[in-house]
Amino acid sequence: MKNILTLDLGRGWIRYAVTSETLDVLESGKVPVESMTEPEAVFSQMEMLGRNYHDRVEGIALTMPGVIDTEHGIAYSGGMYRWVKDMEYAKIIEERTGLPTIILNDAKAAALAEVGYGSLKKVERGVLLMLLGTGIGGAIVNHGKIVNGSHFAAGEFSYMPGDYQDREEGEDMFSRAMSINRLVEMVKESTGNENVNIMKVMRGLSQRDPLVEEGVRLYCRRLASFIYAIQCVVDAEQFTIGGNITDEPRFIQMIQQAVHERYETNRFKVTFEPVIRGVSFHEDSRKYGAVHLFLQMQKEEKK
């Protein structure tokens with residue numbers, strides 16, 4: 001049975017796991033990245049992990065933020081890791097670990113988990129939206145494959161403008177308008193309570209707190225407008241919504257309601273209302289998506 005070392009690069013940390021092709025997690029953990037501005041702080045940790053597990057795995061599958069060319073192993077950008085620009089990222093890791101390596105965008109990895117094993121399986125055309133603390137991850141799925149676009153940037157929904165006005169510092173941009181941090185701000189405003197975090201929002205939803213629901217409802221209405229805009233271009237049959245907040249079922253229900261209302265009140269009946277579902281996988285999604293792609297690419301190499 002094949003085992004893959006999955007690495008997930010986040011803000012100041014790397015999650016790692018030895019995962020089998022049947023998705024059994026044999027070992028896992030997390031190591032810090034001491035500096036986000038120094039490449040060696042990242043690569044030295046990856047090298048250490050690769051060498052530790054060298055004899056137990058077939059290769060490395062790394063998920064990371066940024067615009068990524070998986071086929072050629074190039075990272076054109078790296079999200080919060082600003083030093084990443086047009087780098088042969090996979091080659092660097094291969095040379096330092098001695099293991100074949102693939103790299104892929106973290107949101108696209110989450111989408112692949114849903115395509116391979118979860119809510120987007122057998123969905124011909126779908127969209128994944130990951131509602132994150134500071135932004136929006138995303139991916140477009142067509143016939144079971146991720147749409148990369150001409151420059152590997154398809155699905156970078158964070159940068160979508162909210163309207164035609166060029167607002168100061170991009171305040172209407174999808175990532176700023178609809179981040180989880182913005183949801184918390186909306187709930188602070190609706191409750192009049194500054195002592196609010198995402199866990200308190202989730203608890204308020206589960207308890208049907210009307211003031212919490214008021215803030216979340218406003219957020220969902222705005223999110224529905226962005227979903228409508230994406231749908232006008234993609235014509236997806238399903239949008240799958242992920243992020244920690246979707247652990248609370250009430251949140252998905254409120255998005256479904258907001259999207260339905262957006263279509264019911266729209267006087268232009270030319271687009272089709274998509275199905276809204278939550279993700280099947282949460283924290284483990286990127287890991288499972290990375291394994292799915294690693295095995296897929298190995299099969300294609302053998303043809």
# chains A, B, ... in the order shown; residues from 1 in each chain; ligands from 1

call {"tool": "closest_atom_pairs", "arguments": {"of": "segment 49-146 of chain A", "to": "segment 171-177 of chain A", "cutoff": "9 Å", "atoms": "only C-alpha atoms", "output": "Markdown table"}}
result
| residue | atom | partner | partner_atom | distance |
| --- | --- | --- | --- | --- |
| A:Leu131 | CA | A:Ser175 | CA | 8.8 |
| A:Leu132 | CA | A:Ser175 | CA | 8.6 |
| A:Thr134 | CA | A:Ser175 | CA | 6.8 |
| A:Gly135 | CA | A:Ser175 | CA | 4.1 |
| A:Ile136 | CA | A:Ser175 | CA | 5.3 |
| A:Gly137 | CA | A:Ser175 | CA | 8.7 |

call {"tool": "select_by_dssp", "arguments": {"residues": "segment 26-194 of chain A", "states": "alpha helix (DSSP H)", "output": "short mmCIF file (atom, residue, chain, number, x, y, z; two decimals) with all heavy atoms, in the first residue's frame"}}
result
data_model
loop_
_atom_site.label_atom_id
_atom_site.label_comp_id
_atom_site.auth_asym_id
_atom_site.auth_seq_id
_atom_site.Cartn_x
_atom_site.Cartn_y
_atom_site.Cartn_z
N PRO A 39 12.88 32.30 3.30
CA PRO A 39 12.62 31.01 2.65
C PRO A 39 13.20 29.82 3.42
O PRO A 39 12.57 28.77 3.52
CB PRO A 39 13.29 31.17 1.28
CG PRO A 39 13.31 32.63 1.03
CD PRO A 39 13.48 33.28 2.37
N GLU A 40 14.37 29.99 4.01
CA GLU A 40 15.01 28.88 4.70
C GLU A 40 14.18 28.39 5.89
O GLU A 40 14.22 27.20 6.24
CB GLU A 40 16.42 29.28 5.17
CG GLU A 40 17.22 28.16 5.80
CD GLU A 40 17.45 26.97 4.86
OE1 GLU A 40 17.37 27.15 3.63
OE2 GLU A 40 17.70 25.86 5.37
N ALA A 41 13.43 29.28 6.52
CA ALA A 41 12.59 28.88 7.64
C ALA A 41 11.53 27.87 7.22
O ALA A 41 11.14 26.99 7.99
CB ALA A 41 11.91 30.12 8.26
N VAL A 42 11.08 27.98 5.97
CA VAL A 42 10.09 27.05 5.43
C VAL A 42 10.78 25.78 4.92
O VAL A 42 10.43 24.66 5.31
CB VAL A 42 9.28 27.70 4.29
CG1 VAL A 42 8.34 26.68 3.63
CG2 VAL A 42 8.49 28.89 4.81
N PHE A 43 11.78 25.95 4.07
CA PHE A 43 12.38 24.79 3.40
C PHE A 43 13.14 23.89 4.37
O PHE A 43 13.20 22.68 4.17
CB PHE A 43 13.28 25.25 2.26
CG PHE A 43 12.53 25.85 1.10
CD1 PHE A 43 12.87 27.09 0.58
CD2 PHE A 43 11.47 25.16 0.51
CE1 PHE A 43 12.17 27.63 -0.48
CE2 PHE A 43 10.76 25.70 -0.55
CZ PHE A 43 11.11 26.94 -1.05
N SER A 44 13.73 24.46 5.42
CA SER A 44 14.46 23.62 6.37
C SER A 44 13.51 22.68 7.11
O SER A 44 13.84 21.52 7.37
CB SER A 44 15.23 24.49 7.37
OG SER A 44 14.35 25.30 8.13
N GLN A 45 12.31 23.17 7.43
CA GLN A 45 11.32 22.31 8.10
C GLN A 45 10.81 21.23 7.15
O GLN A 45 10.63 20.07 7.55
CB GLN A 45 10.15 23.15 8.62
CG GLN A 45 10.49 24.07 9.79
CD GLN A 45 10.73 23.31 11.08
OE1 GLN A 45 11.51 22.36 11.13
NE2 GLN A 45 10.06 23.71 12.14
N MET A 46 10.58 21.58 5.91
CA MET A 46 10.13 20.59 4.93
C MET A 46 11.21 19.54 4.69
O MET A 46 10.92 18.35 4.57
CB MET A 46 9.75 21.27 3.61
CG MET A 46 8.51 22.14 3.71
SD MET A 46 8.08 22.89 2.13
CE MET A 46 6.64 23.86 2.61
N GLU A 47 12.46 19.99 4.64
CA GLU A 47 13.57 19.05 4.47
C GLU A 47 13.64 18.08 5.65
O GLU A 47 13.82 16.87 5.46
CB GLU A 47 14.89 19.80 4.34
CG GLU A 47 16.08 18.88 4.18
CD GLU A 47 17.39 19.63 3.99
OE1 GLU A 47 17.36 20.86 3.74
OE2 GLU A 47 18.46 18.98 4.11
N MET A 48 13.50 18.59 6.86
CA MET A 48 13.54 17.75 8.05
C MET A 48 12.43 16.71 8.02
O MET A 48 12.67 15.52 8.28
CB MET A 48 13.42 18.64 9.29
CG MET A 48 13.40 17.88 10.62
SD MET A 48 11.71 17.45 11.17
CE MET A 48 11.01 19.07 11.50
N LEU A 49 11.23 17.12 7.67
CA LEU A 49 10.10 16.18 7.62
C LEU A 49 10.31 15.14 6.51
O LEU A 49 10.04 13.95 6.71
CB LEU A 49 8.79 16.94 7.40
CG LEU A 49 8.33 17.80 8.58
CD1 LEU A 49 7.21 18.75 8.14
CD2 LEU A 49 7.84 16.92 9.73
N GLY A 50 10.77 15.61 5.35
CA GLY A 50 11.00 14.68 4.25
C GLY A 50 12.04 13.63 4.58
O GLY A 50 11.86 12.44 4.28
N ARG A 51 13.11 14.03 5.23
CA ARG A 51 14.16 13.08 5.59
C ARG A 51 13.70 12.13 6.71
O ARG A 51 14.08 10.96 6.73
CB ARG A 51 15.43 13.84 5.97
CG ARG A 51 16.02 14.59 4.79
CD ARG A 51 17.44 15.05 5.03
NE ARG A 51 17.97 15.75 3.86
CZ ARG A 51 18.44 15.15 2.78
NH1 ARG A 51 18.43 13.82 2.69
NH2 ARG A 51 18.92 15.86 1.76
N ASN A 52 12.89 12.65 7.63
CA ASN A 52 12.38 11.81 8.72
C ASN A 52 11.54 10.64 8.20
O ASN A 52 11.56 9.55 8.77
CB ASN A 52 11.54 12.64 9.70
CG ASN A 52 12.39 13.49 10.61
OD1 ASN A 52 13.62 13.36 10.62
ND2 ASN A 52 11.76 14.38 11.36
N TYR A 89 9.25 25.48 -7.05
CA TYR A 89 9.06 25.11 -5.65
C TYR A 89 9.18 23.60 -5.44
O TYR A 89 9.86 23.13 -4.52
CB TYR A 89 7.69 25.61 -5.20
CG TYR A 89 7.57 26.01 -3.76
CD1 TYR A 89 7.65 27.35 -3.40
CD2 TYR A 89 7.35 25.07 -2.76
CE1 TYR A 89 7.52 27.74 -2.08
CE2 TYR A 89 7.22 25.46 -1.44
CZ TYR A 89 7.30 26.79 -1.10
OH TYR A 89 7.18 27.18 0.21
N ALA A 90 8.52 22.83 -6.28
CA ALA A 90 8.55 21.37 -6.13
C ALA A 90 9.97 20.84 -6.31
O ALA A 90 10.41 19.93 -5.58
CB ALA A 90 7.60 20.71 -7.13
N LYS A 91 10.70 21.41 -7.27
CA LYS A 91 12.08 20.96 -7.53
C LYS A 91 12.97 21.23 -6.32
O LYS A 91 13.82 20.39 -5.97
CB LYS A 91 12.62 21.68 -8.77
CG LYS A 91 14.02 21.24 -9.17
CD LYS A 91 14.49 21.99 -10.41
CE LYS A 91 15.90 21.56 -10.81
NZ LYS A 91 16.38 22.32 -12.00
N ILE A 92 12.78 22.37 -5.68
CA ILE A 92 13.57 22.70 -4.49
C ILE A 92 13.35 21.66 -3.40
O ILE A 92 14.31 21.17 -2.78
CB ILE A 92 13.20 24.11 -3.98
CG1 ILE A 92 13.65 25.17 -4.98
CG2 ILE A 92 13.84 24.37 -2.61
CD1 ILE A 92 13.14 26.57 -4.68
N ILE A 93 12.09 21.29 -3.18
CA ILE A 93 11.79 20.30 -2.13
C ILE A 93 12.33 18.93 -2.51
O ILE A 93 12.87 18.20 -1.66
CB ILE A 93 10.27 20.26 -1.88
CG1 ILE A 93 9.78 21.63 -1.40
CG2 ILE A 93 9.92 19.18 -0.84
CD1 ILE A 93 8.28 21.77 -1.37
N GLU A 94 12.18 18.56 -3.78
CA GLU A 94 12.71 17.27 -4.24
C GLU A 94 14.22 17.18 -4.01
O GLU A 94 14.74 16.15 -3.55
CB GLU A 94 12.40 17.07 -5.73
CG GLU A 94 10.95 16.72 -6.01
CD GLU A 94 10.69 16.47 -7.48
OE1 GLU A 94 11.61 16.70 -8.30
OE2 GLU A 94 9.57 16.05 -7.82
N GLU A 95 14.94 18.26 -4.33
CA GLU A 95 16.40 18.25 -4.18
C GLU A 95 16.81 18.17 -2.71
O GLU A 95 17.83 17.56 -2.37
CB GLU A 95 16.99 19.50 -4.83
CG GLU A 95 16.90 19.47 -6.35
CD GLU A 95 17.39 20.76 -7.00
OE1 GLU A 95 17.54 21.77 -6.27
OE2 GLU A 95 17.59 20.76 -8.25
N ARG A 96 15.99 18.75 -1.84
CA ARG A 96 16.36 18.78 -0.43
C ARG A 96 15.90 17.53 0.33
O ARG A 96 16.45 17.22 1.39
CB ARG A 96 15.80 20.03 0.23
CG ARG A 96 16.42 21.30 -0.34
CD ARG A 96 15.98 22.56 0.38
NE ARG A 96 16.47 22.60 1.76
CZ ARG A 96 16.80 23.71 2.40
NH1 ARG A 96 16.74 24.88 1.76
NH2 ARG A 96 17.19 23.68 3.64
N THR A 97 14.92 16.81 -0.20
CA THR A 97 14.40 15.64 0.51
C THR A 97 14.70 14.32 -0.19
O THR A 97 14.62 13.26 0.42
CB THR A 97 12.87 15.74 0.67
OG1 THR A 97 12.25 15.72 -0.63
CG2 THR A 97 12.47 17.00 1.43
N ASP A 106 -3.94 25.37 -1.88
CA ASP A 106 -4.65 24.75 -0.77
C ASP A 106 -6.16 24.68 -0.97
O ASP A 106 -6.79 23.66 -0.65
CB ASP A 106 -4.31 25.44 0.55
CG ASP A 106 -4.36 26.97 0.49
OD1 ASP A 106 -4.86 27.52 -0.52
OD2 ASP A 106 -3.89 27.62 1.44
N ALA A 107 -6.76 25.72 -1.55
CA ALA A 107 -8.21 25.68 -1.79
C ALA A 107 -8.56 24.66 -2.87
O ALA A 107 -9.57 23.95 -2.77
CB ALA A 107 -8.73 27.06 -2.19
N LYS A 108 -7.72 24.57 -3.89
CA LYS A 108 -7.95 23.57 -4.94
C LYS A 108 -7.78 22.16 -4.39
O LYS A 108 -8.46 21.22 -4.82
CB LYS A 108 -7.02 23.83 -6.13
CG LYS A 108 -7.40 25.09 -6.93
CD LYS A 108 -6.49 25.26 -8.12
CE LYS A 108 -6.98 26.36 -9.07
NZ LYS A 108 -6.88 27.71 -8.51
N ALA A 109 -6.87 21.99 -3.43
CA ALA A 109 -6.71 20.69 -2.78
C ALA A 109 -7.99 20.32 -2.02
O ALA A 109 -8.45 19.18 -2.08
CB ALA A 109 -5.52 20.71 -1.82
N ALA A 110 -8.56 21.29 -1.32
CA ALA A 110 -9.83 21.03 -0.61
C ALA A 110 -10.93 20.65 -1.60
O ALA A 110 -11.74 19.75 -1.32
CB ALA A 110 -10.23 22.27 0.19
N ALA A 111 -10.94 21.31 -2.76
CA ALA A 111 -11.94 20.98 -3.78
C ALA A 111 -11.74 19.56 -4.30
O ALA A 111 -12.71 18.82 -4.52
CB ALA A 111 -11.87 21.98 -4.93
N LEU A 112 -10.48 19.17 -4.49
CA LEU A 112 -10.19 17.82 -4.98
C LEU A 112 -10.65 16.75 -4.00
O LEU A 112 -11.08 15.66 -4.39
CB LEU A 112 -8.70 17.67 -5.26
CG LEU A 112 -8.21 18.26 -6.58
CD1 LEU A 112 -6.69 18.24 -6.65
CD2 LEU A 112 -8.80 17.49 -7.77
N ALA A 113 -10.56 17.04 -2.70
CA ALA A 113 -11.07 16.09 -1.71
C ALA A 113 -12.57 15.91 -1.88
O ALA A 113 -13.09 14.79 -1.81
CB ALA A 113 -10.76 16.59 -0.29
N GLU A 114 -13.27 17.01 -2.14
CA GLU A 114 -14.71 16.93 -2.33
C GLU A 114 -15.05 16.24 -3.65
O GLU A 114 -16.03 15.50 -3.75
CB GLU A 114 -15.33 18.34 -2.30
CG GLU A 114 -15.13 19.08 -0.98
CD GLU A 114 -15.81 18.41 0.20
OE1 GLU A 114 -16.91 17.81 0.02
OE2 GLU A 114 -15.24 18.44 1.30
N VAL A 115 -14.21 16.46 -4.68
CA VAL A 115 -14.42 15.81 -5.98
C VAL A 115 -14.17 14.31 -5.87
O VAL A 115 -14.93 13.48 -6.39
CB VAL A 115 -13.49 16.42 -7.05
CG1 VAL A 115 -13.48 15.57 -8.31
CG2 VAL A 115 -13.95 17.84 -7.39
N GLY A 116 -13.10 13.95 -5.19
CA GLY A 116 -12.71 12.55 -5.13
C GLY A 116 -13.55 11.72 -4.18
O GLY A 116 -13.85 10.54 -4.47
N TYR A 117 -13.94 12.33 -3.06
CA TYR A 117 -14.55 11.52 -2.00
C TYR A 117 -15.79 12.15 -1.36
O TYR A 117 -16.44 11.50 -0.53
CB TYR A 117 -13.52 11.28 -0.88
CG TYR A 117 -12.15 10.91 -1.37
CD1 TYR A 117 -11.09 11.82 -1.31
CD2 TYR A 117 -11.90 9.65 -1.91
CE1 TYR A 117 -9.81 11.47 -1.75
CE2 TYR A 117 -10.61 9.30 -2.35
CZ TYR A 117 -9.58 10.21 -2.27
OH TYR A 117 -8.33 9.88 -2.71
N PHE A 174 -14.15 40.82 -2.46
CA PHE A 174 -14.78 39.64 -1.86
C PHE A 174 -14.09 39.23 -0.55
O PHE A 174 -14.73 38.97 0.47
CB PHE A 174 -14.71 38.49 -2.87
CG PHE A 174 -15.66 37.35 -2.61
CD1 PHE A 174 -15.71 36.28 -3.50
CD2 PHE A 174 -16.49 37.31 -1.50
CE1 PHE A 174 -16.56 35.20 -3.29
CE2 PHE A 174 -17.36 36.24 -1.27
CZ PHE A 174 -17.39 35.18 -2.16
N SER A 175 -12.76 39.18 -0.56
CA SER A 175 -12.03 38.71 0.61
C SER A 175 -12.24 39.62 1.82
O SER A 175 -12.32 39.14 2.95
CB SER A 175 -10.53 38.62 0.31
OG SER A 175 -10.02 39.86 -0.10
N ARG A 176 -12.34 40.92 1.58
CA ARG A 176 -12.53 41.85 2.70
C ARG A 176 -13.98 41.92 3.13
O ARG A 176 -14.29 42.02 4.31
CB ARG A 176 -12.03 43.23 2.32
CG ARG A 176 -10.55 43.27 2.03
CD ARG A 176 -9.96 44.63 2.24
NE ARG A 176 -8.52 44.60 2.03
CZ ARG A 176 -7.75 45.66 2.12
NH1 ARG A 176 -8.27 46.84 2.40
NH2 ARG A 176 -6.45 45.57 1.92
N ALA A 177 -14.87 41.86 2.16
CA ALA A 177 -16.29 41.99 2.47
C ALA A 177 -16.86 40.74 3.12
O ALA A 177 -17.81 40.81 3.91
CB ALA A 177 -17.07 42.32 1.20
N MET A 178 -16.29 39.57 2.80
CA MET A 178 -16.90 38.30 3.20
C MET A 178 -15.98 37.37 3.98
O MET A 178 -16.25 36.18 4.08
CB MET A 178 -17.41 37.56 1.95
CG MET A 178 -18.54 38.24 1.22
SD MET A 178 -20.13 38.08 2.12
CE MET A 178 -20.20 39.63 3.01
N ILE A 180 -14.28 35.66 7.32
CA ILE A 180 -14.86 35.30 8.61
C ILE A 180 -14.63 36.41 9.63
O ILE A 180 -15.46 36.65 10.51
CB ILE A 180 -14.31 33.95 9.10
CG1 ILE A 180 -14.78 32.83 8.18
CG2 ILE A 180 -14.74 33.66 10.53
CD1 ILE A 180 -16.30 32.71 8.06
N ASN A 181 -13.52 37.12 9.49
CA ASN A 181 -13.28 38.26 10.38
C ASN A 181 -14.37 39.32 10.20
O ASN A 181 -14.81 39.95 11.18
CB ASN A 181 -11.91 38.89 10.09
CG ASN A 181 -10.77 37.96 10.45
OD1 ASN A 181 -10.95 37.01 11.21
ND2 ASN A 181 -9.59 38.22 9.92
N ARG A 182 -14.82 39.50 8.95
CA ARG A 182 -15.89 40.47 8.69
C ARG A 182 -17.22 39.98 9.27
O ARG A 182 -18.01 40.77 9.79
CB ARG A 182 -16.04 40.70 7.18
CG ARG A 182 -17.06 41.78 6.84
CD ARG A 182 -16.63 43.14 7.35
NE ARG A 182 -17.70 44.12 7.21
CZ ARG A 182 -18.31 44.74 8.21
NH1 ARG A 182 -17.97 44.49 9.45
NH2 ARG A 182 -19.26 45.61 7.99
N LEU A 183 -17.47 38.67 9.21
CA LEU A 183 -18.67 38.11 9.84
C LEU A 183 -18.69 38.42 11.32
O LEU A 183 -19.72 38.83 11.87
CB LEU A 183 -18.72 36.59 9.61
CG LEU A 183 -19.77 35.81 10.41
CD1 LEU A 183 -21.18 36.27 10.06
CD2 LEU A 183 -19.61 34.31 10.17
N VAL A 184 -17.55 38.24 11.98
CA VAL A 184 -17.46 38.55 13.42
C VAL A 184 -17.78 40.02 13.67
O VAL A 184 -18.50 40.36 14.61
CB VAL A 184 -16.07 38.18 13.97
CG1 VAL A 184 -15.88 38.71 15.39
CG2 VAL A 184 -15.87 36.66 13.95
N GLU A 185 -17.26 40.90 12.80
CA GLU A 185 -17.54 42.34 12.95
C GLU A 185 -19.03 42.62 12.81
O GLU A 185 -19.59 43.45 13.54
CB GLU A 185 -16.75 43.14 11.90
CG GLU A 185 -15.25 43.15 12.12
CD GLU A 185 -14.86 43.75 13.46
OE1 GLU A 185 -15.45 44.78 13.83
OE2 GLU A 185 -13.98 43.19 14.14
N MET A 186 -19.70 41.95 11.86
CA MET A 186 -21.14 42.15 11.67
C MET A 186 -21.92 41.71 12.90
O MET A 186 -22.91 42.36 13.29
CB MET A 186 -21.61 41.39 10.44
CG MET A 186 -21.14 41.96 9.12
SD MET A 186 -21.78 41.01 7.72
CE MET A 186 -21.03 41.87 6.34
N VAL A 187 -21.50 40.62 13.51
CA VAL A 187 -22.19 40.13 14.70
C VAL A 187 -21.92 41.05 15.89
O VAL A 187 -22.80 41.27 16.74
CB VAL A 187 -21.80 38.67 15.01
CG1 VAL A 187 -22.40 38.21 16.34
CG2 VAL A 187 -22.28 37.76 13.88
N LYS A 188 -20.73 41.60 15.97
CA LYS A 188 -20.45 42.59 17.01
C LYS A 188 -21.41 43.78 16.89
O LYS A 188 -21.93 44.28 17.88
CB LYS A 188 -19.00 43.09 16.89
CG LYS A 188 -17.95 42.12 17.40
CD LYS A 188 -16.55 42.72 17.25
CE LYS A 188 -15.47 41.76 17.74
NZ LYS A 188 -14.11 42.32 17.59
N GLU A 189 -21.63 44.20 15.64
CA GLU A 189 -22.53 45.34 15.40
C GLU A 189 -23.97 44.98 15.74
O GLU A 189 -24.70 45.79 16.33
CB GLU A 189 -22.41 45.78 13.94
CG GLU A 189 -21.05 46.38 13.60
CD GLU A 189 -20.86 46.57 12.10
OE1 GLU A 189 -21.85 46.45 11.35
OE2 GLU A 189 -19.71 46.83 11.69
N SER A 190 -24.41 43.78 15.37
CA SER A 190 -25.82 43.41 15.60
C SER A 190 -26.12 43.14 17.07
O SER A 190 -27.24 43.35 17.53
CB SER A 190 -26.20 42.18 14.76
OG SER A 190 -25.50 41.02 15.19
N THR A 191 -25.11 42.68 17.82
CA THR A 191 -25.31 42.35 19.24
C THR A 191 -24.94 43.51 20.16
O THR A 191 -25.35 43.53 21.32
CB THR A 191 -24.48 41.12 19.64
OG1 THR A 191 -23.09 41.40 19.43
CG2 THR A 191 -24.90 39.89 18.85
#

call {"tool": "atom_distance", "arguments": {"atom1": "atom CA of Glu300 of chain A", "atom2": "atom CA of Lys121 of chain A"}}
result
20.0 Å

call {"tool": "atom_distance", "arguments": {"atom1": "atom CA of Arg221 of chain A", "atom2": "atom CA of Ile255 of chain A"}}
result
7.6 Å

call {"tool": "closest_atom_pairs", "arguments": {"of": "segment 102-195 of chain A", "to": "segment 62-74 of chain A", "cutoff": "7 Å", "atoms": "only C-alpha atoms", "output": "CSV"}}
result
residue,atom,partner,partner_atom,distance
A:Ile102,CA,A:Leu62,CA,6.2
A:Ile103,CA,A:Leu62,CA,4.7
A:Leu104,CA,A:Thr63,CA,5.0
A:Asn105,CA,A:Met64,CA,5.2
A:Asp106,CA,A:Thr63,CA,4.8
A:Ala109,CA,A:Thr63,CA,6.8
A:Phe152,CA,A:Asp69,CA,6.0
A:Ala153,CA,A:Val67,CA,5.7

call {"tool": "select_by_dssp", "arguments": {"residues": "segment 106-298 of chain A", "states": "strand (DSSP E)", "output": "list in words"}}
result
Arg125, Gly126, Val127, Leu128, Leu129, Met130, Leu131, Ile136, Gly137, Gly138, Ala139, Ile140, Val141, Asn142, Lys145, Ile146, Gln238, Phe239, Thr240, Ile241, Gly242, Val275, Ile276, Arg277 and Gly278 of chain A

call {"tool": "write_last_selection", "arguments": {"atoms": "C-alpha atoms", "output": "PDB file, in the first residue's frame"}}
result
ATOM      1  CA  ARG A 125     -19.917  21.559 -12.735  1.00  0.00           C
ATOM      2  CA  GLY A 126     -19.429  22.933  -9.270  1.00  0.00           C
ATOM      3  CA  VAL A 127     -17.759  25.639  -7.212  1.00  0.00           C
ATOM      4  CA  LEU A 128     -15.991  25.396  -3.880  1.00  0.00           C
ATOM      5  CA  LEU A 129     -15.896  28.470  -1.660  1.00  0.00           C
ATOM      6  CA  MET A 130     -13.743  28.340   1.462  1.00  0.00           C
ATOM      7  CA  LEU A 131     -14.721  31.066   3.935  1.00  0.00           C
ATOM      8  CA  ILE A 136     -11.883  33.467   0.384  1.00  0.00           C
ATOM      9  CA  GLY A 137     -10.369  30.315  -1.077  1.00  0.00           C
ATOM     10  CA  GLY A 138     -11.969  28.832  -4.131  1.00  0.00           C
ATOM     11  CA  ALA A 139     -11.989  26.441  -7.019  1.00  0.00           C
ATOM     12  CA  ILE A 140     -14.107  25.753 -10.090  1.00  0.00           C
ATOM     13  CA  VAL A 141     -14.813  22.124 -10.993  1.00  0.00           C
ATOM     14  CA  ASN A 142     -15.684  20.952 -14.499  1.00  0.00           C
ATOM     15  CA  LYS A 145     -11.367  18.306 -12.783  1.00  0.00           C
ATOM     16  CA  ILE A 146     -10.186  21.602 -11.386  1.00  0.00           C
ATOM     17  CA  GLN A 238     -23.704  23.161  -6.942  1.00  0.00           C
ATOM     18  CA  PHE A 239     -21.750  25.454  -4.645  1.00  0.00           C
ATOM     19  CA  THR A 240     -19.975  23.710  -1.770  1.00  0.00           C
ATOM     20  CA  ILE A 241     -19.181  25.995   1.161  1.00  0.00           C
ATOM     21  CA  GLY A 242     -16.333  25.279   3.560  1.00  0.00           C
ATOM     22  CA  VAL A 275     -27.687  23.829  -4.874  1.00  0.00           C
ATOM     23  CA  ILE A 276     -25.838  24.975  -1.732  1.00  0.00           C
ATOM     24  CA  ARG A 277     -24.126  22.334   0.380  1.00  0.00           C
ATOM     25  CA  GLY A 278     -21.544  22.180   3.128  1.00  0.00           C
TER      26      GLY A 278
END

call {"tool": "closest_residue", "arguments": {"among": "A:Leu218, A:Leu205, A:Val291, A:Ile230", "to": "Leu5 of chain A", "atoms": "only C-alpha atoms"}}
result
A:Val291

call {"tool": "closest_residue", "arguments": {"among": "A:Phe251, A:Phe157, A:Tyr288, A:Tyr76", "to": "Met202 of chain A", "atoms": "only C-alpha atoms"}}
result
A:Phe251

call {"tool": "closest_residue", "arguments": {"among": "A:Gln253, A:Thr101, A:Ser28, A:Ser179", "to": "Glu213 of chain A", "atoms": "only C-alpha atoms"}}
result
A:Gln253

call {"tool": "atom_distance", "arguments": {"atom1": "atom CA of Ala154 of chain A", "atom2": "atom CA of Trp83 of chain A"}}
result
21.7 Å

call {"tool": "residues_around", "arguments": {"residues": "segment 225-229 of chain A", "least_positions_apart": "5", "cutoff": "8 Å", "atoms": "only C-alpha atoms", "output": "PDB file with C-alpha atoms, in the first residue's frame"}}
result
ATOM      1  CA  GLY A 162     -18.315  43.830  -5.104  1.00  0.00           C
ATOM      2  CA  PHE A 174     -14.778  39.636  -1.859  1.00  0.00           C
ATOM      3  CA  VAL A 259     -29.349  32.408  -1.961  1.00  0.00           C
ATOM      4  CA  ARG A 262     -31.701  36.308  -3.944  1.00  0.00           C
TER       5      ARG A 262
END

call {"tool": "closest_residue", "arguments": {"among": "A:Val270, A:Met36, A:Ala290, A:Val279", "to": "Gln231 of chain A", "atoms": "only C-alpha atoms"}}
result
A:Val270

call {"tool": "decode", "arguments": {"residues": "segment 109-118 of chain A", "atoms": "N, CA and C atoms", "output": "compact mmCIF listing (two decimals), in the first residue's frame"}}
result
# COMPACT_ATOMS: atom_id res chain seq x y z
N ALA A 109 -6.87 21.99 -3.43
CA ALA A 109 -6.71 20.69 -2.78
C ALA A 109 -7.99 20.32 -2.02
N ALA A 110 -8.56 21.29 -1.32
CA ALA A 110 -9.83 21.03 -0.61
C ALA A 110 -10.93 20.65 -1.60
N ALA A 111 -10.94 21.31 -2.76
CA ALA A 111 -11.94 20.98 -3.78
C ALA A 111 -11.74 19.56 -4.30
N LEU A 112 -10.48 19.17 -4.49
CA LEU A 112 -10.19 17.82 -4.98
C LEU A 112 -10.65 16.75 -4.00
N ALA A 113 -10.56 17.04 -2.70
CA ALA A 113 -11.07 16.09 -1.71
C ALA A 113 -12.57 15.91 -1.88
N GLU A 114 -13.27 17.01 -2.14
CA GLU A 114 -14.71 16.93 -2.33
C GLU A 114 -15.05 16.24 -3.65
N VAL A 115 -14.21 16.46 -4.68
CA VAL A 115 -14.42 15.81 -5.98
C VAL A 115 -14.17 14.31 -5.87
N GLY A 116 -13.10 13.95 -5.19
CA GLY A 116 -12.71 12.55 -5.13
C GLY A 116 -13.55 11.72 -4.18
N TYR A 117 -13.94 12.33 -3.06
CA TYR A 117 -14.55 11.52 -2.00
C TYR A 117 -15.79 12.15 -1.36
N GLY A 118 -16.11 13.40 -1.67
CA GLY A 118 -17.13 14.10 -0.89
C GLY A 118 -18.27 14.70 -1.67
